[in-house]
$ cat structure.cif   # mmCIF, C-alpha atoms
data_structure
#
loop_
_atom_site.label_atom_id
_atom_site.label_comp_id
_atom_site.auth_asym_id
_atom_site.auth_seq_id
_atom_site.Cartn_x
_atom_site.Cartn_y
_atom_site.Cartn_z
CA MET W 13 -19.87 62.17 90.06
CA LYS W 14 -20.59 65.59 91.51
CA PHE W 15 -23.20 67.86 89.95
CA ASN W 16 -23.51 71.46 91.03
CA VAL W 17 -27.12 72.62 91.03
CA ASN W 18 -26.09 76.12 89.99
CA SER W 19 -24.11 74.92 87.00
CA SER W 20 -25.13 75.69 83.43
CA GLY W 21 -23.46 72.47 82.32
CA TYR W 22 -25.81 70.20 80.38
CA ASP W 23 -26.89 66.95 82.03
CA CYS W 24 -26.97 64.32 79.28
CA THR W 25 -28.56 61.78 81.62
CA LYS W 26 -31.84 63.71 81.75
CA LYS W 27 -34.71 61.70 80.32
CA TYR W 28 -37.34 63.06 77.93
CA THR W 29 -40.61 61.51 76.83
CA GLY W 30 -42.00 61.87 73.32
CA GLY W 31 -44.66 60.25 71.24
CA PHE W 32 -42.52 57.48 69.73
CA ASP W 33 -40.43 56.27 72.66
CA ALA W 34 -40.98 52.55 72.14
CA GLY W 35 -40.17 52.67 68.44
CA ALA W 36 -37.05 54.74 69.06
CA ASN W 37 -35.89 52.32 71.74
CA ARG W 38 -36.27 49.39 69.38
CA ARG W 39 -34.35 51.18 66.64
CA ARG W 40 -31.56 52.17 69.04
CA GLU W 41 -31.21 48.67 70.43
CA ALA W 42 -31.09 47.17 66.94
CA ILE W 43 -28.36 49.53 65.77
CA LEU W 44 -26.25 49.09 68.90
CA ALA W 45 -26.63 45.30 68.66
CA SER W 46 -26.00 45.05 64.90
CA LYS W 47 -24.08 42.07 63.58
CA ASN W 48 -20.36 42.17 62.94
CA THR W 49 -19.21 43.58 59.63
CA GLU W 50 -18.21 40.20 58.18
CA GLU W 51 -21.80 39.05 58.62
CA ILE W 52 -23.18 42.11 56.85
CA TYR W 53 -20.77 42.72 53.98
CA ASP W 54 -19.35 40.33 51.43
CA ILE W 55 -15.66 41.18 51.79
CA LYS W 56 -13.87 40.41 48.52
CA GLY W 57 -10.32 41.30 49.48
CA LYS W 58 -8.07 40.69 52.46
CA LYS W 59 -9.19 41.01 56.06
CA TYR W 60 -6.95 42.70 58.61
CA TYR W 61 -7.81 42.37 62.30
CA ILE W 62 -6.79 45.17 64.66
CA SER W 63 -7.07 43.97 68.26
CA ARG W 64 -7.74 46.38 71.09
CA ASP W 65 -4.09 46.36 72.16
CA MET W 66 -2.86 47.40 68.69
CA GLN W 67 -2.30 50.93 67.41
CA LEU W 68 -3.59 52.77 64.37
CA THR W 69 -0.06 52.60 63.03
CA ASP W 70 -0.53 48.82 62.80
CA ILE W 71 -3.01 49.30 59.96
CA PRO W 72 -1.26 48.17 56.75
CA GLU W 73 -0.33 50.95 54.34
CA ASN W 74 -0.89 48.85 51.23
CA LEU W 75 -4.66 48.47 51.51
CA LEU W 76 -6.46 47.80 48.25
CA PRO W 77 -10.09 48.29 47.19
CA GLY W 78 -12.09 45.35 48.51
CA ASP W 79 -9.98 44.96 51.65
CA ALA W 80 -11.42 45.31 55.14
CA VAL W 81 -9.84 46.53 58.36
CA LEU W 82 -11.78 45.07 61.28
CA PHE W 83 -11.35 46.54 64.75
CA GLU W 84 -11.99 44.57 67.90
CA ARG W 85 -15.11 45.49 69.81
CA GLY W 86 -14.38 47.09 73.14
CA GLY W 87 -11.26 48.81 71.78
CA LEU W 88 -10.59 52.57 71.80
CA TRP W 89 -8.44 54.47 69.32
CA ARG W 90 -7.72 58.19 69.59
CA VAL W 91 -7.22 60.00 66.31
CA GLY W 92 -7.21 63.60 67.53
CA ASP W 93 -3.48 64.02 67.07
CA ARG W 94 -3.65 62.97 63.41
CA GLU W 95 -4.26 65.79 60.94
CA LYS W 96 -6.46 63.54 58.81
CA PHE W 97 -7.47 59.91 59.29
CA PHE W 98 -8.82 58.40 56.07
CA VAL W 99 -10.76 55.29 55.27
CA PRO W 100 -8.95 54.45 51.99
CA GLU W 101 -10.66 54.13 48.64
CA GLY W 102 -12.79 51.00 48.39
CA VAL W 103 -11.86 49.80 51.90
CA ILE W 104 -14.21 48.81 54.72
CA PHE W 105 -13.56 49.82 58.33
CA GLY W 106 -15.69 47.61 60.54
CA ALA W 107 -16.00 45.57 63.73
CA TYR W 108 -15.29 42.04 64.94
CA GLY W 109 -15.53 40.29 68.29
CA GLU W 110 -17.98 40.88 71.12
CA GLY W 111 -19.03 43.87 73.17
CA ASP W 112 -19.35 47.57 72.41
CA LYS W 113 -18.62 48.94 68.97
CA PRO W 114 -14.96 49.90 68.39
CA LYS W 115 -14.49 53.51 69.50
CA PHE W 116 -12.78 56.30 67.59
CA TYR W 117 -12.33 59.49 69.60
CA GLY W 118 -11.27 62.89 68.36
CA SER W 119 -10.07 63.82 71.85
CA TYR W 120 -6.30 63.37 72.25
CA HIS W 121 -6.39 61.94 75.80
CA ASN W 122 -8.55 61.04 78.73
CA TYR W 123 -7.82 64.18 80.74
CA ALA W 124 -9.03 62.74 84.07
CA ASP W 125 -5.43 62.67 85.21
CA LYS W 126 -3.71 65.11 87.56
CA LYS W 127 -0.72 65.47 85.24
CA PHE W 128 -2.74 67.52 82.76
CA TRP W 129 -4.06 70.17 85.18
CA GLU W 130 -2.52 73.30 86.67
CA LYS W 131 -4.32 75.61 89.07
CA GLU W 132 -4.66 79.11 87.59
CA ALA W 133 -6.79 80.72 90.32
CA GLU W 134 -9.48 79.79 92.80
CA ASN W 135 -11.69 77.21 91.04
CA ILE W 136 -9.89 77.83 87.73
CA TRP W 137 -7.88 75.00 86.17
CA ARG W 138 -5.65 75.16 83.08
CA VAL W 139 -4.68 72.49 80.54
CA GLN W 140 -1.97 73.01 77.93
CA LEU W 141 -3.11 71.85 74.51
CA TYR W 142 -1.54 71.90 71.06
CA GLY W 143 -3.44 73.78 68.37
CA ARG W 144 -7.08 73.50 67.38
CA ASN W 145 -9.94 75.30 69.03
CA VAL W 146 -11.87 73.46 71.75
CA GLY W 147 -15.49 72.82 70.89
CA CYS W 148 -16.76 70.96 73.93
CA ILE W 149 -15.67 69.11 77.03
CA ALA W 150 -17.44 65.90 78.03
CA PHE W 151 -17.33 64.61 81.59
CA ASN W 152 -17.73 60.89 82.27
CA GLU W 153 -18.27 60.22 78.56
CA THR W 154 -22.04 60.59 78.34
CA ALA W 155 -23.08 62.39 81.49
CA LEU W 156 -22.27 66.08 81.29
CA MET W 157 -21.11 68.68 78.79
CA GLY W 158 -19.17 71.87 79.47
CA VAL W 159 -20.23 75.37 78.46
CA LYS W 160 -18.00 77.34 76.08
CA LYS W 161 -17.35 80.95 77.04
CA TRP W 162 -15.93 83.71 74.87
CA HIS W 163 -13.80 85.42 77.53
CA PHE W 164 -11.76 84.30 80.51
CA GLU W 165 -13.76 86.68 82.72
CA ASP W 166 -16.94 84.73 81.92
CA LEU W 167 -15.77 81.62 83.81
CA LYS W 168 -18.18 81.74 86.73
CA GLU W 169 -19.92 78.37 87.09
CA ASN W 170 -18.90 74.74 87.19
CA TYR W 171 -18.07 73.36 83.73
CA ASP W 172 -17.61 76.78 82.10
CA PHE W 173 -14.52 76.69 79.88
CA TYR W 174 -12.55 79.14 77.74
CA TYR W 175 -9.98 78.40 75.03
CA ASN W 176 -7.15 80.80 74.16
CA GLY W 177 -5.81 80.23 70.67
CA GLU W 178 -2.58 82.17 71.19
CA SER W 179 -1.43 80.17 74.21
CA GLU W 180 -3.24 76.99 73.05
CA GLN W 181 -4.62 76.53 76.54
CA VAL W 182 -8.07 75.80 77.90
CA TRP W 183 -9.33 76.99 81.29
CA LEU W 184 -12.10 75.26 83.22
CA TYR W 185 -14.10 76.57 86.15
CA TYR W 186 -14.66 73.75 88.61
CA GLU W 187 -15.15 73.72 92.38
CA GLY W 188 -13.06 70.67 93.08
CA GLU W 189 -10.38 68.59 91.44
CA PRO W 190 -11.50 67.47 87.97
CA TRP W 191 -9.25 64.41 87.91
CA SER W 192 -10.63 63.28 91.28
CA ASP W 193 -14.33 63.68 90.56
CA PHE W 194 -14.49 62.17 87.07
CA TYR W 195 -13.19 58.93 85.63
CA ASP W 196 -13.20 60.38 82.10
CA ILE W 197 -12.77 63.90 80.68
CA GLU W 198 -12.73 64.35 76.91
CA ILE W 199 -11.51 67.72 75.58
CA CYS W 200 -12.84 67.83 72.03
CA GLN W 201 -10.78 69.95 69.65
CA ARG W 202 -11.42 71.12 66.11
CA GLY W 203 -11.08 68.41 63.47
CA SER W 204 -12.96 65.49 61.93
CA VAL W 205 -12.42 61.94 63.15
CA LEU W 206 -12.93 59.79 60.03
CA GLN W 207 -12.75 60.95 56.42
CA LEU W 208 -14.06 58.67 53.69
CA LEU W 209 -12.56 58.38 50.22
CA ASP W 210 -14.44 57.04 47.18
CA ASN W 211 -16.30 53.76 47.79
CA ALA W 212 -15.11 53.65 51.40
CA THR W 213 -17.32 52.14 54.10
CA ALA W 214 -17.58 52.77 57.84
CA ASP W 215 -19.64 50.11 59.57
CA ASN W 216 -20.32 49.28 63.20
CA LEU W 217 -18.08 51.96 64.72
CA PHE W 218 -18.54 54.51 67.49
CA VAL W 219 -17.20 57.87 66.28
CA GLY W 220 -17.27 61.00 68.41
CA TYR W 221 -15.77 63.38 70.95
CA THR W 222 -14.55 65.90 68.42
CA GLY W 223 -14.87 69.65 68.04
CA SER W 224 -15.86 69.64 64.35
CA HIS W 225 -17.43 66.65 62.57
CA ALA W 226 -17.38 62.92 63.24
CA ILE W 227 -17.56 61.28 59.79
CA VAL W 228 -16.93 63.32 56.64
CA ALA W 229 -16.96 62.43 52.95
CA GLY W 230 -14.91 65.15 51.26
CA TYR W 231 -15.60 66.99 48.06
CA GLN W 232 -17.61 65.13 45.41
CA ARG W 233 -17.08 61.60 46.72
CA ASP W 234 -18.66 58.59 45.06
CA GLY W 235 -19.97 55.45 46.71
CA VAL W 236 -19.38 56.26 50.38
CA THR W 237 -21.28 54.13 52.91
CA VAL W 238 -21.92 54.63 56.63
CA THR W 239 -23.97 51.92 58.33
CA ASN W 240 -24.68 50.67 61.85
CA CYS W 241 -22.49 53.35 63.43
CA GLU W 242 -23.04 55.35 66.59
CA VAL W 243 -22.02 59.00 66.29
CA ALA W 244 -22.14 61.30 69.31
CA TYR W 245 -20.73 64.27 71.25
CA VAL W 246 -19.71 66.30 68.26
CA GLY W 247 -18.93 69.93 67.58
CA GLY W 248 -18.65 73.34 69.12
CA ALA W 249 -15.26 74.40 67.69
CA MET W 250 -15.08 77.79 66.04
CA GLN W 251 -15.73 78.19 62.33
CA PHE W 252 -16.14 81.97 62.04
CA GLY W 253 -17.69 84.67 64.23
CA GLU W 254 -20.02 82.88 66.62
CA THR W 255 -20.66 80.09 64.12
CA ARG W 256 -19.44 76.76 65.38
CA PHE W 257 -18.89 73.38 63.73
CA GLY W 258 -20.72 70.24 64.68
CA ASN W 259 -22.18 67.70 62.23
CA GLY W 260 -22.35 63.98 62.88
CA ILE W 261 -22.15 62.68 59.29
CA GLU W 262 -21.42 65.12 56.48
CA LEU W 263 -21.30 64.93 52.68
CA GLN W 264 -19.47 67.91 51.18
CA LEU W 265 -19.77 69.75 47.87
CA GLY W 266 -21.60 67.00 46.06
CA ALA W 267 -21.77 63.22 46.29
CA THR W 268 -23.03 60.32 44.23
CA ASN W 269 -24.24 56.87 45.28
CA ALA W 270 -23.98 57.54 49.01
CA LYS W 271 -25.61 55.32 51.61
CA LEU W 272 -26.07 56.65 55.16
CA CYS W 273 -28.34 54.09 56.77
CA SER W 274 -29.15 52.49 60.13
CA ASN W 275 -26.98 54.80 62.22
CA TYR W 276 -27.62 56.17 65.70
CA VAL W 277 -26.61 59.84 65.77
CA HIS W 278 -27.04 62.01 68.85
CA GLN W 279 -25.72 64.98 70.83
CA CYS W 280 -24.37 67.01 67.89
CA TYR W 281 -23.93 70.77 68.17
CA ASP W 282 -25.29 71.22 64.64
CA ALA W 283 -26.78 68.61 62.28
CA GLY W 284 -27.02 64.89 62.82
CA ILE W 285 -26.70 64.21 59.08
CA THR W 286 -26.06 66.84 56.40
CA PHE W 287 -25.31 67.10 52.70
CA GLN W 288 -24.25 70.56 51.70
CA SER W 289 -22.33 72.80 49.32
CA TRP W 290 -21.07 76.37 49.40
CA SER W 291 -20.25 78.61 46.47
CA SER W 292 -16.95 79.93 47.88
CA ALA W 293 -15.37 76.60 46.87
CA LYS W 294 -16.07 77.53 43.22
CA LEU W 295 -17.08 73.99 42.27
CA ASP W 296 -20.34 72.75 40.78
CA SER W 297 -22.27 70.47 43.11
CA HIS W 298 -24.18 67.32 42.20
CA TYR W 299 -26.06 65.17 44.70
CA HIS W 300 -27.24 62.03 42.91
CA ASN W 301 -28.56 58.77 44.38
CA ILE W 302 -28.30 59.63 48.07
CA ASP W 303 -29.93 57.21 50.53
CA ILE W 304 -30.48 58.51 54.08
CA SER W 305 -32.75 55.90 55.62
CA ASP W 306 -33.55 53.99 58.82
CA ASN W 307 -31.42 56.20 61.08
CA LEU W 308 -32.22 57.26 64.63
CA ILE W 309 -31.22 60.88 65.19
CA GLU W 310 -31.74 62.38 68.64
CA PHE W 311 -30.66 65.49 70.52
CA CYS W 312 -29.15 67.43 67.63
CA THR W 313 -29.88 71.01 66.63
CA TYR W 314 -31.02 69.75 63.22
CA GLY W 315 -31.86 66.15 62.51
CA ILE W 316 -31.10 66.32 58.77
CA GLU W 317 -30.11 69.42 56.82
CA TYR W 318 -29.22 70.14 53.22
CA PHE W 319 -28.28 73.24 51.28
CA THR W 320 -26.33 74.67 48.35
CA THR W 321 -25.36 78.18 49.29
CA GLU W 322 -25.62 80.93 46.65
CA PHE W 323 -24.81 78.65 43.74
CA GLU W 324 -26.88 80.09 40.91
CA ARG W 325 -26.21 83.59 42.19
CA ASN W 326 -22.49 83.01 41.73
CA GLY W 327 -22.63 81.27 38.37
CA LEU W 328 -22.34 77.70 39.64
CA TYR W 329 -24.58 74.72 38.97
CA SER W 330 -26.17 72.42 41.53
CA ASP W 331 -28.74 69.67 41.28
CA TYR W 332 -30.48 67.05 43.41
CA LYS W 333 -31.50 63.77 41.78
CA ASP W 334 -32.84 60.56 43.34
CA ILE W 335 -32.49 61.48 46.98
CA ALA W 336 -34.30 59.42 49.62
CA ILE W 337 -34.81 60.59 53.20
CA LYS W 338 -36.95 57.70 54.38
CA ASN W 339 -37.95 55.84 57.52
CA ASN W 340 -35.75 57.85 59.84
CA ILE W 341 -36.70 58.61 63.44
CA ILE W 342 -35.74 62.17 64.38
CA ARG W 343 -36.40 63.21 67.96
CA PHE W 344 -35.82 65.95 70.51
CA SER W 345 -34.20 68.41 68.13
CA GLY W 346 -32.97 71.32 70.23
CA TYR W 347 -32.94 69.34 73.47
CA GLU W 348 -29.21 68.83 73.14
CA TRP W 349 -26.20 70.21 75.01
CA SER W 350 -25.69 73.11 72.61
CA TYR W 351 -29.13 74.71 72.90
CA ASN W 352 -28.30 77.38 75.46
CA GLN W 353 -25.01 78.15 73.69
CA ARG W 354 -26.42 78.84 70.23
CA PRO W 355 -27.10 82.34 68.88
CA ASP W 356 -29.80 81.02 66.51
CA LYS W 357 -32.17 78.95 68.64
CA TRP W 358 -35.11 79.85 66.39
CA MET W 359 -33.64 77.75 63.53
CA ILE W 360 -33.75 74.46 65.46
CA SER W 361 -35.67 71.84 63.48
CA HIS W 362 -35.97 68.17 62.58
CA ILE W 363 -35.44 69.02 58.90
CA ARG W 364 -33.58 72.12 57.85
CA GLY W 365 -34.01 72.22 54.11
CA GLY W 366 -35.01 74.57 51.39
CA GLN W 367 -33.14 77.50 52.83
CA TRP W 368 -30.16 78.07 50.58
CA ALA W 369 -31.21 75.06 48.49
CA TRP W 370 -30.95 77.03 45.27
CA VAL W 371 -31.35 74.42 42.58
CA LYS W 372 -32.99 74.65 39.18
CA ASP W 373 -32.71 70.94 38.50
CA CYS W 374 -34.23 68.57 41.05
CA SER W 375 -36.00 65.26 40.53
CA GLY W 376 -36.75 62.12 42.50
CA PHE W 377 -36.23 63.78 45.90
CA GLU W 378 -38.51 62.15 48.48
CA ILE W 379 -39.01 62.67 52.21
CA SER W 380 -41.33 59.90 53.37
CA GLY W 381 -42.04 57.42 56.12
CA ASN W 382 -40.11 59.38 58.74
CA VAL W 383 -41.11 59.99 62.35
CA PHE W 384 -40.61 63.55 63.62
CA ASP W 385 -40.95 63.49 67.41
CA CYS W 386 -40.80 66.68 69.50
CA SER W 387 -38.75 69.69 68.48
CA ARG W 388 -37.86 72.49 70.83
CA ALA W 389 -38.57 75.08 68.15
CA SER W 390 -39.54 74.10 64.59
CA ILE W 391 -40.51 70.78 63.11
CA ILE W 392 -39.43 72.05 59.68
CA PHE W 393 -37.33 75.10 58.91
CA TRP W 394 -38.28 75.64 55.31
CA TRP W 395 -37.90 78.27 52.63
CA TRP W 396 -35.99 78.50 49.41
CA HIS W 397 -34.77 81.22 47.11
CA ASP W 398 -36.02 81.46 43.54
CA GLU W 399 -33.01 82.96 41.79
CA GLU W 400 -34.79 83.92 38.60
CA LYS W 401 -37.47 85.91 40.39
CA ASN W 402 -35.29 86.99 43.33
CA TYR W 403 -38.04 85.83 45.64
CA ILE W 404 -38.04 83.75 48.81
CA ARG W 405 -40.67 81.07 48.36
CA PRO W 406 -42.48 79.29 51.21
CA GLU W 407 -43.39 76.13 49.30
CA ALA W 408 -41.14 73.15 48.67
CA HIS W 409 -38.72 73.45 45.79
CA PRO W 410 -39.67 71.67 42.53
CA GLY W 411 -38.89 67.98 42.28
CA LEU W 412 -39.52 67.22 45.96
CA THR W 413 -42.20 64.84 47.24
CA VAL W 414 -43.15 64.85 50.92
CA ARG W 415 -45.61 62.24 52.14
CA ASN W 416 -46.52 59.60 54.73
CA ASN W 417 -44.51 61.06 57.63
CA THR W 418 -45.59 60.93 61.28
CA TYR W 419 -45.49 64.00 63.51
CA TYR W 420 -45.57 64.26 67.29
CA GLN W 421 -45.39 67.67 68.89
CA GLY W 422 -46.38 69.46 72.06
CA ILE W 423 -46.26 73.10 72.96
CA THR W 424 -42.77 74.46 73.62
CA ALA W 425 -41.44 77.55 75.34
CA ASP W 426 -41.40 79.28 71.94
CA LYS W 427 -44.92 78.06 71.10
CA ARG W 428 -43.59 77.22 67.66
CA CYS W 429 -44.08 74.08 65.65
CA MET W 430 -42.99 75.04 62.16
CA ASN W 431 -41.19 77.89 60.45
CA TYR W 432 -41.46 78.51 56.72
CA HIS W 433 -39.90 81.94 56.48
CA ILE W 434 -37.59 83.76 58.82
CA ASN W 435 -40.19 86.50 59.30
CA LYS W 436 -43.30 84.34 59.04
CA PRO W 437 -43.24 81.52 61.57
CA VAL W 438 -46.24 79.22 61.70
CA TYR W 439 -47.20 78.54 65.30
CA ALA W 440 -49.23 75.66 66.70
CA GLU W 441 -50.79 75.67 70.14
CA ASP W 442 -53.25 72.82 69.70
CA GLU W 443 -53.98 69.83 67.50
CA ALA W 444 -55.79 71.85 64.83
CA GLY W 445 -52.90 74.28 64.58
CA LEU W 446 -50.40 71.44 64.32
CA LYS W 447 -52.31 69.75 61.52
CA ALA W 448 -52.62 73.02 59.62
CA ALA W 449 -48.91 73.70 59.96
CA VAL W 450 -47.91 70.19 58.93
CA ALA W 451 -50.15 70.42 55.87
CA LEU W 452 -48.00 73.24 54.52
CA PHE W 453 -45.11 70.79 54.28
CA ASP W 454 -46.68 67.33 54.06
CA LYS W 455 -49.95 67.08 52.14
CA ASP W 456 -50.39 63.41 52.93
CA PRO W 457 -49.05 62.67 56.46
CA ALA W 458 -49.39 59.23 58.03
CA LYS W 459 -50.23 60.64 61.45
CA VAL W 460 -50.26 63.97 63.25
CA VAL W 461 -50.45 63.80 67.05
CA TRP W 462 -50.63 66.71 69.48
CA LEU W 463 -49.03 65.74 72.78
CA GLY W 464 -50.27 68.75 74.74
#

$ encode --input "structure.cif" --output "structure tokens"
Amino acid sequence: MKFNVNSSGYDCTKKYTGGFDAGANRRREAILASKNTEEIYDIKGKKYYISRDMQLTDIPENLLPGDAVLFERGGLWRVGDREKFFVPEGVIFGAYGEGDKPKFYGSYHNYADKKFWEKEAENIWRVQLYGRNVGCIAFNETALMGVKKWHFEDLKENYDFYYNGESEQVWLYYEGEPWSDFYDIEICQRGSVLQLLDNATADNLFVGYTGSHAIVAGYQRDGVTVTNCEVAYVGGAMQFGETRFGNGIELQLGATNAKLCSNYVHQCYDAGITFQSWSSAKLDSHYHNIDISDNLIEFCTYGIEYFTTEFERNGLYSDYKDIAIKNNIIRFSGYEWSYNQRPDKWMISHIRGGQWAWVKDCSGFEISGNVFDCSRASIIFWWWHDEEKNYIRPEAHPGLTVRNNTYYQGITADKRCMNYHINKPVYAEDEAGLKAAVALFDKDPAKVVWLG
């Protein structure tokens, strides 16, 4: 593969060293080598096996709760051309066989084929698409990410791309022939790959290469489970203004009895894992019994985020009850492909919580036993709005316990380690400063290590 030294394209093969490398490697290897779904789950209903040479249309339409659809390892299924691809209520999507996890891509095609490309001008190539804004372009699967530009005139360096919604075309600047220099090119358009209905399970799958989100549980779902999955190369499609989509696993507008555990999530434009609500939907939001544990989240803008936007202000009700964010490893937040493309670099953090978390009723919410390893900006982006007093508060919201977490951090270009209020960042430039900053969030940390 050819890399141009003057390119602003992001090299995903670059290696970084943190304070918890060995532990992260063990967690990653365990998730990638997890047992097949039949060995993990007690499947009560029928089992349907989808071999790698079968199509998504071969999935039976009469699935019942308790059934399982098992996909052959090493297979690849593209769901980008489907408006919505659901895991039905009470059904398990999982893996069987040997080799890599079954892959579900949001990208319509492998575009490393001459038939897709037309030359527009010197070093400018055009691909005709069909609807949906382009969020990112991945070259050779895991090696390099393109750079989204807002105007055609801005295409100046290798891997710069521009999408025109009227013509539904994408243009790429590249000094060569893309189909000749790469064995795989994924053009990731707006849309989610898998959507979970009530009591649905996604286990042992690779889900990625999409412009919006990888795995989504829609409004107020109950009993959704995501385990042992790899989620990667997600986001960048337009939402509004310069705000772009990009969450790995997302719970929307409330959820109950959700389990998001033992997943490897990386290279997301926005959050690795998020549970969130927004008042414009005009629905109350309840998050009860949410388990987010034992995940490895790397190279995302936020590791885990949560919020309920302007709920009490707009006459809606939201609450958090029995939420566990435990034993996760969150690393290299902000060291992902989207960093140089974001307008809000200062918000990068391992945990983005509190802000917009406007709840009067919260209990049993615990953040404990996690490892936070090297953020490019903030370890924690934290503040919340007290609606009754119309005051932005720096401390944690009531009902939250933070304890026994481990922190590794070194000085960054921004010289920032933690940010409690948009106008009052807390900086750390040595071990004493780091410990003082961590103490504002975690009164009883397991370990605080300054990496220099």

$ residues_near_point --input "structure.cif" --point "(-31.3, 72.2, 37.5)" --cutoff "8 Å" --atoms "all atoms listed in the file" --output "CSV table (one decimal) with C-alpha atoms, keeping the file's coordinate frame"
chain,number,residue,atom,x,y,z
W,329,TYR,CA,-24.6,74.7,39.0
W,330,SER,CA,-26.2,72.4,41.5
W,331,ASP,CA,-28.7,69.7,41.3
W,332,TYR,CA,-30.5,67.0,43.4
W,371,VAL,CA,-31.4,74.4,42.6
W,372,LYS,CA,-33.0,74.6,39.2
W,373,ASP,CA,-32.7,70.9,38.5
W,374,CYS,CA,-34.2,68.6,41.0

$ closest_residue --input "structure.cif" --among "W:Asn301, W:Ser291, W:Asn352, W:Ser179" --to "Ile335 of chain W" --atoms "all atoms listed in the file"
W:Asn301

$ resolve_selection --input "structure.cif" --expression "the PyMOL selection byres ((chain W and resi 378-393) around 7)" --output "PyMOL selection string"
chain W and resi 30-32+335-347+358-365+376-377+394+412-422+424+426+428-432

$ resolve_selection --input "structure.cif" --expression "the PyMOL selection byres ((chain W and resi 212-225) around 6)" --output "PyMOL selection string"
chain W and resi 101-107+113-119+147+200-204+208-211+226+236-249+257-260

$ resolve_selection --input "structure.cif" --expression "the PyMOL selection byres ((chain W and resi 97) around 6)" --output "PyMOL selection string"
chain W and resi 96+98+206

$ atom_distance --input "structure.cif" --atom1 "atom CA of Lys59 of chain W" --atom2 "atom CA of Asp112 of chain W"
20.3 Å

$ atom_distance --input "structure.cif" --atom1 "atom CA of Ile197 of chain W" --atom2 "atom CA of Gly284 of chain W"
22.9 Å

$ residues_around --input "structure.cif" --residues "segment 181-192 of chain W" --least-positions-apart "5" --cutoff "7 Å" --atoms "all atoms listed in the file" --output "ChimeraX atom specification"
/W:124-126,135-141,167-176

$ closest_residue --input "structure.cif" --among "W:Ile199, W:Leu265, W:Ile423, W:Ala270" --to "Leu328 of chain W" --atoms "all atoms listed in the file"
W:Leu265

$ atom_distance --input "structure.cif" --atom1 "atom CA of Lys58 of chain W" --atom2 "atom CA of Ala80 of chain W"
6.3 Å

$ closest_residue --input "structure.cif" --among "W:Asn326, W:Ser350, W:Asn122, W:Gln264" --to "Cys312 of chain W" --atoms "all atoms listed in the file"
W:Ser350

$ residues_around --input "structure.cif" --residues "Cys24 of chain W" --least-positions-apart "3" --cutoff "9 Å" --atoms "all atoms listed in the file" --output "PDB file with C-alpha atoms, in the frame of the given file"
ATOM      1  CA  LYS W  27     -34.710  61.700  80.320  1.00  0.00           C
ATOM      2  CA  THR W 154     -22.040  60.590  78.340  1.00  0.00           C
ATOM      3  CA  ALA W 155     -23.080  62.390  81.490  1.00  0.00           C
ATOM      4  CA  LEU W 156     -22.270  66.080  81.290  1.00  0.00           C
ATOM      5  CA  MET W 157     -21.110  68.680  78.790  1.00  0.00           C
ATOM      6  CA  GLN W 279     -25.720  64.980  70.830  1.00  0.00           C
ATOM      7  CA  GLU W 348     -29.210  68.830  73.140  1.00  0.00           C
ATOM      8  CA  TRP W 349     -26.200  70.210  75.010  1.00  0.00           C
TER       9      TRP W 349
END

$ closest_residue --input "structure.cif" --among "W:Lys294, W:His278, W:Arg39, W:Arg325" --to "Glu310 of chain W" --atoms "all atoms listed in the file"
W:His278

$ build_atoms --input "structure.cif" --residues "segment 274-283 of chain W" --atoms "N, CA and C atoms" --output "mmCIF file, keeping the file's coordinate frame"
data_model
loop_
_atom_site.group_PDB
_atom_site.id
_atom_site.type_symbol
_atom_site.label_atom_id
_atom_site.label_comp_id
_atom_site.auth_asym_id
_atom_site.auth_seq_id
_atom_site.Cartn_x
_atom_site.Cartn_y
_atom_site.Cartn_z
ATOM 1 N N SER W 274 -29.149 53.271 58.886
ATOM 2 C CA SER W 274 -29.150 52.490 60.130
ATOM 3 C C SER W 274 -28.064 52.940 61.096
ATOM 4 N N ASN W 275 -27.924 54.237 61.264
ATOM 5 C CA ASN W 275 -26.980 54.800 62.220
ATOM 6 C C ASN W 275 -27.732 55.451 63.376
ATOM 7 N N TYR W 276 -27.090 55.490 64.522
ATOM 8 C CA TYR W 276 -27.620 56.170 65.700
ATOM 9 C C TYR W 276 -26.762 57.405 65.940
ATOM 10 N N VAL W 277 -27.338 58.580 65.684
ATOM 11 C CA VAL W 277 -26.610 59.840 65.770
ATOM 12 C C VAL W 277 -27.257 60.712 66.841
ATOM 13 N N HIS W 278 -26.451 61.209 67.771
ATOM 14 C CA HIS W 278 -27.040 62.010 68.850
ATOM 15 C C HIS W 278 -26.015 62.971 69.442
ATOM 16 N N GLN W 279 -26.529 63.986 70.119
ATOM 17 C CA GLN W 279 -25.720 64.980 70.830
ATOM 18 C C GLN W 279 -24.699 65.659 69.904
ATOM 19 N N CYS W 280 -25.203 66.224 68.808
ATOM 20 C CA CYS W 280 -24.370 67.010 67.890
ATOM 21 C C CYS W 280 -24.717 68.482 68.023
ATOM 22 N N TYR W 281 -23.699 69.325 68.055
ATOM 23 C CA TYR W 281 -23.930 70.770 68.170
ATOM 24 C C TYR W 281 -24.762 71.284 67.009
ATOM 25 N N ASP W 282 -24.576 70.727 65.816
ATOM 26 C CA ASP W 282 -25.290 71.220 64.640
ATOM 27 C C ASP W 282 -26.166 70.085 64.094
ATOM 28 N N ALA W 283 -25.900 69.593 62.909
ATOM 29 C CA ALA W 283 -26.780 68.610 62.280
ATOM 30 C C ALA W 283 -26.346 67.175 62.577
#
